[in-house]
Structures are given as structure tokens and as C-alpha cells.
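Raw contents of coords-v4.txt, compact mmCIF, C-alpha atoms:
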```txt
# COMPACT_ATOMS: atom_id res chain seq x y z
CA MET A 1 0.00 0.00 0.00
CA ALA A 2 2.74 2.45 0.93
CA ALA A 3 4.62 1.73 -2.29
CA SER A 4 1.52 2.32 -4.43
CA LYS A 5 0.98 5.73 -2.81
CA ALA A 6 4.58 6.80 -3.31
CA GLY A 7 4.44 6.58 -7.12
CA PRO A 8 1.74 9.26 -7.73
CA ALA A 9 3.26 11.48 -5.03
CA ARG A 10 6.60 11.48 -6.82
CA SER A 11 5.04 12.03 -10.26
CA ARG A 12 3.00 15.08 -9.23
CA PRO A 13 5.94 17.58 -9.21
CA TYR A 14 7.01 16.17 -12.58
CA ALA A 15 3.52 16.71 -14.01
CA LEU A 16 3.40 20.24 -12.59
CA GLY A 17 6.80 20.94 -14.10
CA LYS A 18 5.62 19.75 -17.52
CA ARG A 19 2.54 21.96 -17.31
CA GLY A 20 4.73 24.90 -16.35
CA GLU A 21 7.04 24.30 -19.31
CA SER A 22 4.04 24.09 -21.63
CA ALA A 23 2.65 27.35 -20.25
CA ASP A 24 6.06 29.04 -20.72
CA ARG A 25 6.22 27.83 -24.32
CA ASN A 26 2.70 29.08 -25.00
CA ARG A 27 3.55 32.43 -23.43
CA ALA A 28 6.63 32.78 -25.63
CA ARG A 29 4.65 31.77 -28.74
CA VAL A 30 1.96 34.35 -27.97
CA LEU A 31 4.51 37.11 -27.43
CA ASP A 32 6.35 36.16 -30.62
CA ALA A 33 3.07 36.15 -32.55
CA ALA A 34 2.05 39.54 -31.13
CA ARG A 35 5.41 41.04 -32.07
CA ASP A 36 5.24 39.60 -35.61
CA LEU A 37 1.72 40.95 -36.19
CA LEU A 38 2.66 44.38 -34.91
CA ALA A 39 5.73 44.51 -37.11
CA LYS A 40 4.00 43.21 -40.26
CA ASP A 41 0.30 43.92 -40.28
CA GLY A 42 -0.04 47.17 -38.39
CA ALA A 43 -2.01 48.26 -35.35
CA ALA A 44 -5.38 48.36 -37.11
CA GLU A 45 -5.35 44.59 -37.71
CA PHE A 46 -3.98 43.66 -34.30
CA SER A 47 -6.50 41.59 -32.33
CA MET A 48 -6.57 38.76 -29.79
CA GLU A 49 -8.11 36.47 -32.43
CA ALA A 50 -5.32 37.23 -34.90
CA ILE A 51 -2.66 36.64 -32.24
CA ALA A 52 -4.25 33.31 -31.25
CA ARG A 53 -4.32 32.12 -34.87
CA HIS A 54 -0.74 33.20 -35.46
CA ALA A 55 0.47 31.55 -32.23
CA GLY A 56 -1.52 28.35 -32.76
CA VAL A 57 -3.34 28.65 -29.42
CA THR A 58 -6.85 29.48 -28.31
CA ARG A 59 -7.99 32.93 -27.30
CA GLN A 60 -8.73 31.51 -23.85
CA THR A 61 -5.08 30.49 -23.53
CA ILE A 62 -4.05 34.09 -24.18
CA HIS A 63 -6.62 35.33 -21.67
CA ASN A 64 -5.36 32.87 -19.05
CA GLN A 65 -1.74 33.91 -19.63
CA PHE A 66 -2.13 37.69 -19.90
CA GLY A 67 -5.67 38.86 -19.22
CA THR A 68 -6.48 41.83 -21.43
CA ARG A 69 -4.93 42.89 -24.73
CA ALA A 70 -3.31 45.85 -23.00
CA GLU A 71 -1.66 43.52 -20.46
CA LEU A 72 -0.40 41.34 -23.30
CA ILE A 73 1.12 44.36 -25.03
CA GLU A 74 2.64 45.51 -21.74
CA ALA A 75 4.28 42.08 -21.32
CA LEU A 76 5.56 42.24 -24.89
CA PHE A 77 6.93 45.75 -24.33
CA ASP A 78 8.66 44.58 -21.15
CA ARG A 79 10.35 41.74 -23.04
CA MET A 80 11.35 44.07 -25.87
CA ALA A 81 12.73 46.58 -23.36
CA ILE A 82 14.86 43.95 -21.64
CA ARG A 83 16.16 42.66 -24.95
CA GLY A 84 16.79 46.25 -26.04
CA GLY A 85 19.06 46.90 -23.05
CA ILE A 86 16.82 49.14 -20.95
CA LEU A 87 18.07 47.49 -17.74
CA GLU A 88 21.39 49.29 -18.31
CA LEU A 89 19.65 52.49 -17.23
CA ALA A 90 20.26 51.64 -13.56
CA ALA A 91 24.03 51.72 -14.11
CA VAL A 92 23.72 54.93 -16.14
CA MET A 93 22.11 56.69 -13.19
CA GLN A 94 25.18 55.81 -11.08
CA GLN A 95 27.68 57.56 -13.39
CA ALA A 96 29.83 60.14 -11.62
CA ASP A 97 30.58 62.14 -14.78
CA PRO A 98 27.38 63.99 -15.82
CA GLN A 99 28.44 64.18 -19.48
CA VAL A 100 28.90 60.42 -19.53
CA MET A 101 25.55 60.06 -17.77
CA LEU A 102 23.84 62.18 -20.42
CA ARG A 103 25.46 60.36 -23.34
CA LYS A 104 24.66 56.93 -21.94
CA PHE A 105 21.12 58.00 -21.03
CA VAL A 106 20.53 58.95 -24.65
CA GLU A 107 22.26 55.78 -25.88
CA VAL A 108 20.15 53.45 -23.72
CA PHE A 109 16.92 54.80 -25.13
CA GLY A 110 18.33 55.14 -28.64
CA ARG A 111 19.36 51.48 -28.69
CA PHE A 112 16.01 50.43 -27.28
CA TRP A 113 13.99 52.51 -29.75
CA SER A 114 16.07 51.22 -32.66
CA SER A 115 15.90 47.57 -31.56
CA ASP A 116 12.43 47.00 -33.07
CA ARG A 117 11.20 50.28 -34.48
CA ALA A 118 8.24 48.95 -36.46
CA ALA A 119 6.71 47.10 -33.50
CA ILE A 120 7.40 49.93 -31.04
CA ARG A 121 5.90 52.47 -33.45
CA ARG A 122 2.66 50.49 -33.59
CA ILE A 123 2.54 49.93 -29.83
CA HIS A 124 2.68 53.70 -29.41
CA ALA A 125 -0.09 54.09 -31.96
CA LEU A 126 -2.23 51.57 -30.05
CA ALA A 127 -1.63 53.48 -26.81
CA VAL A 128 -3.39 56.49 -28.36
CA LEU A 129 -6.51 54.39 -29.07
CA ASP A 130 -6.61 52.10 -26.01
CA PRO A 131 -7.22 53.94 -22.68
CA GLU A 132 -5.75 51.12 -20.57
CA LEU A 133 -2.62 50.87 -22.72
CA GLY A 134 -2.41 54.66 -22.79
CA ARG A 135 -2.35 54.72 -18.98
CA ILE A 136 0.47 52.14 -18.96
CA ASP A 137 2.40 54.13 -21.56
CA ARG A 138 2.04 57.37 -19.58
CA ALA A 139 3.37 55.64 -16.45
CA ARG A 140 6.43 54.45 -18.39
CA ASN A 141 6.97 57.94 -19.74
CA GLU A 142 6.83 59.42 -16.25
CA ARG A 143 9.64 57.09 -15.17
CA ARG A 144 11.70 58.31 -18.12
CA ARG A 145 10.89 61.92 -17.14
CA THR A 146 12.08 61.25 -13.59
CA ALA A 147 15.35 59.79 -14.90
CA ALA A 148 15.75 62.81 -17.21
CA GLY A 149 15.42 65.03 -14.15
CA ARG A 150 18.30 63.24 -12.46
CA VAL A 151 20.50 63.77 -15.52
CA VAL A 152 19.61 67.48 -15.67
CA ASP A 153 20.34 67.92 -11.96
CA ALA A 154 23.73 66.19 -12.33
CA LEU A 155 24.67 68.51 -15.20
CA SER A 156 23.49 71.56 -13.25
CA ARG A 157 25.50 70.66 -10.15
CA HIS A 158 28.68 70.13 -12.19
CA PHE A 159 28.48 72.94 -14.74
CA GLY A 160 26.04 75.40 -13.18
CA LYS A 161 23.86 74.86 -16.26
CA PRO A 162 21.03 74.56 -16.86
CA LEU A 163 20.16 77.16 -14.23
CA ARG A 164 17.71 76.21 -11.51
CA TYR A 165 14.91 78.38 -12.86
CA ASP A 166 15.35 76.61 -16.22
CA ARG A 167 15.11 73.14 -14.67
CA ALA A 168 11.54 72.34 -15.73
CA GLN A 169 12.19 73.36 -19.34
CA ALA A 170 15.49 71.48 -19.41
CA ILE A 171 13.82 68.29 -18.19
CA ALA A 172 11.02 68.74 -20.74
CA LEU A 173 13.61 69.10 -23.50
CA LEU A 174 15.58 66.01 -22.49
CA PHE A 175 12.34 64.06 -22.02
CA THR A 176 11.11 65.04 -25.48
CA ILE A 177 14.39 64.48 -27.27
CA THR A 178 14.71 60.96 -25.85
CA SER A 179 11.15 59.97 -26.76
CA PHE A 180 10.50 57.29 -29.35
CA GLU A 181 8.63 59.74 -31.56
CA PHE A 182 11.60 62.11 -31.72
CA PHE A 183 14.14 59.34 -32.22
CA ASP A 184 12.05 57.64 -34.90
CA SER A 185 11.74 60.90 -36.84
CA PHE A 186 15.27 62.18 -36.27
CA ALA A 187 17.25 58.97 -36.72
CA GLY A 188 15.99 58.21 -40.22
CA ASP A 189 18.64 56.08 -41.90
CA ARG A 190 21.36 57.04 -39.42
CA SER A 191 22.94 54.33 -37.33
CA PRO A 192 21.77 54.31 -33.69
CA ASN A 193 25.25 55.41 -32.54
CA ALA A 194 25.32 58.36 -34.94
CA ALA A 195 21.80 59.43 -34.00
CA CYS A 196 22.49 59.17 -30.26
CA SER A 197 25.75 61.11 -30.55
CA ALA A 198 23.98 63.91 -32.43
CA ILE A 199 21.13 64.00 -29.91
CA ALA A 200 23.50 64.19 -26.91
CA SER A 201 25.44 67.02 -28.60
CA MET A 202 22.21 68.92 -29.27
CA VAL A 203 21.21 68.66 -25.62
CA MET A 204 24.59 69.98 -24.45
CA ARG A 205 24.39 72.93 -26.83
CA ALA A 206 20.81 73.66 -25.80
CA PHE A 207 21.91 73.72 -22.15
CA GLY A 208 24.78 76.07 -23.02
CA ILE A 209 27.48 73.55 -22.10
CA SER A 210 30.44 73.48 -24.47
CA SER A 211 32.76 70.53 -25.09
CA THR A 212 35.49 72.35 -23.14
CA SER A 213 33.32 72.96 -20.09
CA ARG A 214 34.33 69.71 -18.44
CA ALA A 215 38.04 70.45 -18.73
CA SER A 216 37.53 74.01 -17.45
CA ALA A 217 35.48 72.79 -14.50
CA SER A 218 38.06 70.14 -13.61
CA SER A 219 40.86 72.66 -13.83
CA ALA A 220 39.02 75.06 -11.58
CA VAL A 221 38.60 72.35 -8.97
CA SER A 222 42.06 70.79 -9.15
CA THR A 223 44.29 73.87 -9.57
CA PRO A 224 45.04 75.66 -6.29
CA ARG A 225 44.80 79.42 -6.28
CA ARG A 226 48.14 81.25 -6.10
CA ARG A 227 48.71 83.80 -3.41
CA SER A 228 49.65 87.23 -4.62
```
Kindly transcribe the structure held in the file into C-alpha cells.
Amino acid sequence: MAASKAGPARSRPYALGKRGESADRNRARVLDAARDLLAKDGAAEFSMEAIARHAGVTRQTIHNQFGTRAELIEALFDRMAIRGGILELAAVMQQADPQVMLRKFVEVFGRFWSSDRAAIRRIHALAVLDPELGRIDRARNERRRTAAGRVVDALSRHFGKPLRYDRAQAIALLFTITSFEFFDSFAGDRSPNAACSAIASMVMRAFGISSTSRASASSAVSTPRRRS
């Protein structure tokens, strides 16, 4: 009797593990299908039914995995962001040199925006039409605005520019110039590196910080004043 009970008890974790692997595969297939449809067919033809057909699963499977269409798109955007290197932003915010912080801040978003421009473009278009997705998109943008504020404050502390009373406008500029819409329009056929370099230079000029400012600031700090 004891031996007969032990068999099913040992097999249960195995069965649960198999179901988990199957769910993970279905999740990946759904996300892949959603990305493919966004990149190929456009936002107007993007539906749960179309995703289910493309992924080879039922609509109920998608609902069980993600819930609403907006939650599915949010999960897809999260995966795209991770693959696009957005997690590097945490290290960028720890940079001691504010010019390096600015350049890398622009580069992180530039690389992400360029990683899958067609799909990201259509996700942004969907956010305009879907209130739930729009709310999610606005929350993401506010996090980018907060990070932009930290970059502006680091530049201001080091160079004295932008001035404190210009802080709000400076943050708005950096926030706008690192948006997907700006990058998508500005980058054109440029490589991501070339586009990011140009954007970072534009920000520095707009803030009134020249390429020699860093050397001047360092010299002022490190060179002792001579007594007359």
C-alpha cells in the first residue's frame, strides 16, 4: 500500500513541471506572434483572435496567460525593453561624470527605440486608441521623465547649467528628445550610434554647455589658487 501511494506522489511535481514548461512555451509563442503581427500587419489589424491564430493557441489560452490585450502588449513591451538593453539604465544613473551620464542615457533609449522600431511604433499608436494601454504608456513615460530630471540635476551641479529656474524646461527638452517619436523621426537612416551622438550634442548645446566645459570645471577644482 505504501509503495503504491509513493508513485503518484513522486510524479506530481514532474507533471506540474511539464505543465509549467508548456505554459512558458505558450507564453513565448503568444509574445512572438504579437510582435510579428505588430511589425508586419499594423495596429489596425492587431486583435486577440489574430494573435491566437498566429500563435496556434486558443484565445482563452491568451486570456489565461495575460488577461487583457493591454496587459499582453505591456508584457511584450517589457520583453522588448529587456532585450533592447533598458536594464542598463540603472548603471547609467550611477555615473559620476554627468556628461557620460547624459550620453549613456541617450544611448540606452536610442538602442532600445532602434531595436524593433516597427513594432514599437505600432505599440505607441495603439496606446493612443486604447485607454488602458495609454495609462500604462504614460506611467512608463513618467519614469523616463524622472530619470531625465536626475540627468539634468547632475549637469546643473557640475556645470552650473542649466540654471535652476530653467530646470523644468530642461527636463522637458531632455524628455522630449529621448522619446521614441523624436528618435524615430530624427534617426531616419542614421545608425543608432550616430543618431544618439547627435542628440547628446544637441542637448549639451541647448543647455549652453560646451565641449570644453568639463576640462575648465576640472581645472578650476584641481588647480590651487596662487597667493599674490
Using all atoms listed in the file, find each residue of segment 160-204 of chain A with at least one atom at most 10 Å away from an atom of segment 115-135 of chain A; report its shortest atom-to-atom pair and that distance in Å (one decimal), sort the rows by chain and rising residue number, and return the result as a Markdown table.
```
| residue | atom | partner | partner_atom | distance |
| --- | --- | --- | --- | --- |
| A:Phe180 | CA | A:Arg121 | CA | 7.8 |
| A:Glu181 | CA | A:Arg121 | CA | 8.0 |
| A:Phe183 | CA | A:Arg117 | CA | 9.8 |
| A:Asp184 | CA | A:Arg117 | CA | 7.4 |
| A:Pro192 | CA | A:Ser115 | CA | 9.2 |
```
_I'd like to know which of A:Phe66, A:Phe175, A:Phe46, A:Phe109 is closest to Ala23 of chain A, using only C-alpha atoms._
A:Phe66
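The interatomic distance for the pair atom CA of Asp97 of chain A and atom CA of Asn141 of chain A works out to 24.5 Å.
Using only C-alpha atoms, the shortest contact distance between Ile136 of chain A and any of A:Ala34, A:Ala39, A:Met48, A:Ile73 is found at A:Ile73.
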*What lies within 12 Å of segment 194-204 of chain A using only C-alpha atoms, ignoring chain neighbours under 4 positions off, as a PyMOL selection string?*
chain A and resi 98-114+148+151-152+155-156+159+161-162+169-179+182-190+208-214
Store the residues picked out above, limited to C-alpha atoms, as a PDB file, in the frame of the given file.
```pdb
ATOM      1  CA  PRO A  98      27.380  63.990 -15.820  1.00  0.00           C
ATOM      2  CA  GLN A  99      28.440  64.180 -19.480  1.00  0.00           C
ATOM      3  CA  VAL A 100      28.900  60.420 -19.530  1.00  0.00           C
ATOM      4  CA  MET A 101      25.550  60.060 -17.770  1.00  0.00           C
ATOM      5  CA  LEU A 102      23.840  62.180 -20.420  1.00  0.00           C
ATOM      6  CA  ARG A 103      25.460  60.360 -23.340  1.00  0.00           C
ATOM      7  CA  LYS A 104      24.660  56.930 -21.940  1.00  0.00           C
ATOM      8  CA  PHE A 105      21.120  58.000 -21.030  1.00  0.00           C
ATOM      9  CA  VAL A 106      20.530  58.950 -24.650  1.00  0.00           C
ATOM     10  CA  GLU A 107      22.260  55.780 -25.880  1.00  0.00           C
ATOM     11  CA  VAL A 108      20.150  53.450 -23.720  1.00  0.00           C
ATOM     12  CA  PHE A 109      16.920  54.800 -25.130  1.00  0.00           C
ATOM     13  CA  GLY A 110      18.330  55.140 -28.640  1.00  0.00           C
ATOM     14  CA  ARG A 111      19.360  51.480 -28.690  1.00  0.00           C
ATOM     15  CA  PHE A 112      16.010  50.430 -27.280  1.00  0.00           C
ATOM     16  CA  TRP A 113      13.990  52.510 -29.750  1.00  0.00           C
ATOM     17  CA  SER A 114      16.070  51.220 -32.660  1.00  0.00           C
ATOM     18  CA  ALA A 148      15.750  62.810 -17.210  1.00  0.00           C
ATOM     19  CA  VAL A 151      20.500  63.770 -15.520  1.00  0.00           C
ATOM     20  CA  VAL A 152      19.610  67.480 -15.670  1.00  0.00           C
ATOM     21  CA  LEU A 155      24.670  68.510 -15.200  1.00  0.00           C
ATOM     22  CA  SER A 156      23.490  71.560 -13.250  1.00  0.00           C
ATOM     23  CA  PHE A 159      28.480  72.940 -14.740  1.00  0.00           C
ATOM     24  CA  LYS A 161      23.860  74.860 -16.260  1.00  0.00           C
ATOM     25  CA  PRO A 162      21.030  74.560 -16.860  1.00  0.00           C
ATOM     26  CA  GLN A 169      12.190  73.360 -19.340  1.00  0.00           C
ATOM     27  CA  ALA A 170      15.490  71.480 -19.410  1.00  0.00           C
ATOM     28  CA  ILE A 171      13.820  68.290 -18.190  1.00  0.00           C
ATOM     29  CA  ALA A 172      11.020  68.740 -20.740  1.00  0.00           C
ATOM     30  CA  LEU A 173      13.610  69.100 -23.500  1.00  0.00           C
ATOM     31  CA  LEU A 174      15.580  66.010 -22.490  1.00  0.00           C
ATOM     32  CA  PHE A 175      12.340  64.060 -22.020  1.00  0.00           C
ATOM     33  CA  THR A 176      11.110  65.040 -25.480  1.00  0.00           C
ATOM     34  CA  ILE A 177      14.390  64.480 -27.270  1.00  0.00           C
ATOM     35  CA  THR A 178      14.710  60.960 -25.850  1.00  0.00           C
ATOM     36  CA  SER A 179      11.150  59.970 -26.760  1.00  0.00           C
ATOM     37  CA  PHE A 182      11.600  62.110 -31.720  1.00  0.00           C
ATOM     38  CA  PHE A 183      14.140  59.340 -32.220  1.00  0.00           C
ATOM     39  CA  ASP A 184      12.050  57.640 -34.900  1.00  0.00           C
ATOM     40  CA  SER A 185      11.740  60.900 -36.840  1.00  0.00           C
ATOM     41  CA  PHE A 186      15.270  62.180 -36.270  1.00  0.00           C
ATOM     42  CA  ALA A 187      17.250  58.970 -36.720  1.00  0.00           C
ATOM     43  CA  GLY A 188      15.990  58.210 -40.220  1.00  0.00           C
ATOM     44  CA  ASP A 189      18.640  56.080 -41.900  1.00  0.00           C
ATOM     45  CA  ARG A 190      21.360  57.040 -39.420  1.00  0.00           C
ATOM     46  CA  GLY A 208      24.780  76.070 -23.020  1.00  0.00           C
ATOM     47  CA  ILE A 209      27.480  73.550 -22.100  1.00  0.00           C
ATOM     48  CA  SER A 210      30.440  73.480 -24.470  1.00  0.00           C
ATOM     49  CA  SER A 211      32.760  70.530 -25.090  1.00  0.00           C
ATOM     50  CA  THR A 212      35.490  72.350 -23.140  1.00  0.00           C
ATOM     51  CA  SER A 213      33.320  72.960 -20.090  1.00  0.00           C
ATOM     52  CA  ARG A 214      34.330  69.710 -18.440  1.00  0.00           C
TER      53      ARG A 214
END
```
*What separation in Å, quoted to one decimal, exists between atom CA of Arg59 of chain A and atom CA of Asp32 of chain A?*
15.1 Å
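Closest approach to Met93 of chain A among A:Arg144, A:Arg35, A:Lys40, A:His54: A:Arg144, based on all atoms listed in the file.
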Up to 9 Å from (-1.6, 37.5, -24.4) in the file's coordinates: name the residues, counting all atoms listed in the file, as a PDB file with C-alpha atoms, keeping the file's coordinate frame.
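Saved file out28.pdb follows:
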```
ATOM      1  CA  ARG A  27       3.550  32.430 -23.430  1.00  0.00           C
ATOM      2  CA  VAL A  30       1.960  34.350 -27.970  1.00  0.00           C
ATOM      3  CA  LEU A  31       4.510  37.110 -27.430  1.00  0.00           C
ATOM      4  CA  ALA A  34       2.050  39.540 -31.130  1.00  0.00           C
ATOM      5  CA  MET A  48      -6.570  38.760 -29.790  1.00  0.00           C
ATOM      6  CA  ILE A  51      -2.660  36.640 -32.240  1.00  0.00           C
ATOM      7  CA  ALA A  52      -4.250  33.310 -31.250  1.00  0.00           C
ATOM      8  CA  ARG A  59      -7.990  32.930 -27.300  1.00  0.00           C
ATOM      9  CA  THR A  61      -5.080  30.490 -23.530  1.00  0.00           C
ATOM     10  CA  ILE A  62      -4.050  34.090 -24.180  1.00  0.00           C
ATOM     11  CA  HIS A  63      -6.620  35.330 -21.670  1.00  0.00           C
ATOM     12  CA  ASN A  64      -5.360  32.870 -19.050  1.00  0.00           C
ATOM     13  CA  GLN A  65      -1.740  33.910 -19.630  1.00  0.00           C
ATOM     14  CA  PHE A  66      -2.130  37.690 -19.900  1.00  0.00           C
ATOM     15  CA  GLY A  67      -5.670  38.860 -19.220  1.00  0.00           C
ATOM     16  CA  THR A  68      -6.480  41.830 -21.430  1.00  0.00           C
ATOM     17  CA  ARG A  69      -4.930  42.890 -24.730  1.00  0.00           C
ATOM     18  CA  ALA A  70      -3.310  45.850 -23.000  1.00  0.00           C
ATOM     19  CA  GLU A  71      -1.660  43.520 -20.460  1.00  0.00           C
ATOM     20  CA  LEU A  72      -0.400  41.340 -23.300  1.00  0.00           C
ATOM     21  CA  ILE A  73       1.120  44.360 -25.030  1.00  0.00           C
ATOM     22  CA  ALA A  75       4.280  42.080 -21.320  1.00  0.00           C
ATOM     23  CA  LEU A  76       5.560  42.240 -24.890  1.00  0.00           C
TER      24      LEU A  76
END
```
*Record the distance separating atom CA of Val57 of chain A and atom CA of Asp137 of chain A, expressed in Å with one decimal.*
27.3 Å
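You can rank A:Leu89, A:Ser191, A:Arg205, A:Ala96 by their closest distance to Arg157 of chain A using all atoms listed in the file, and at the top of that list sits A:Ala96.
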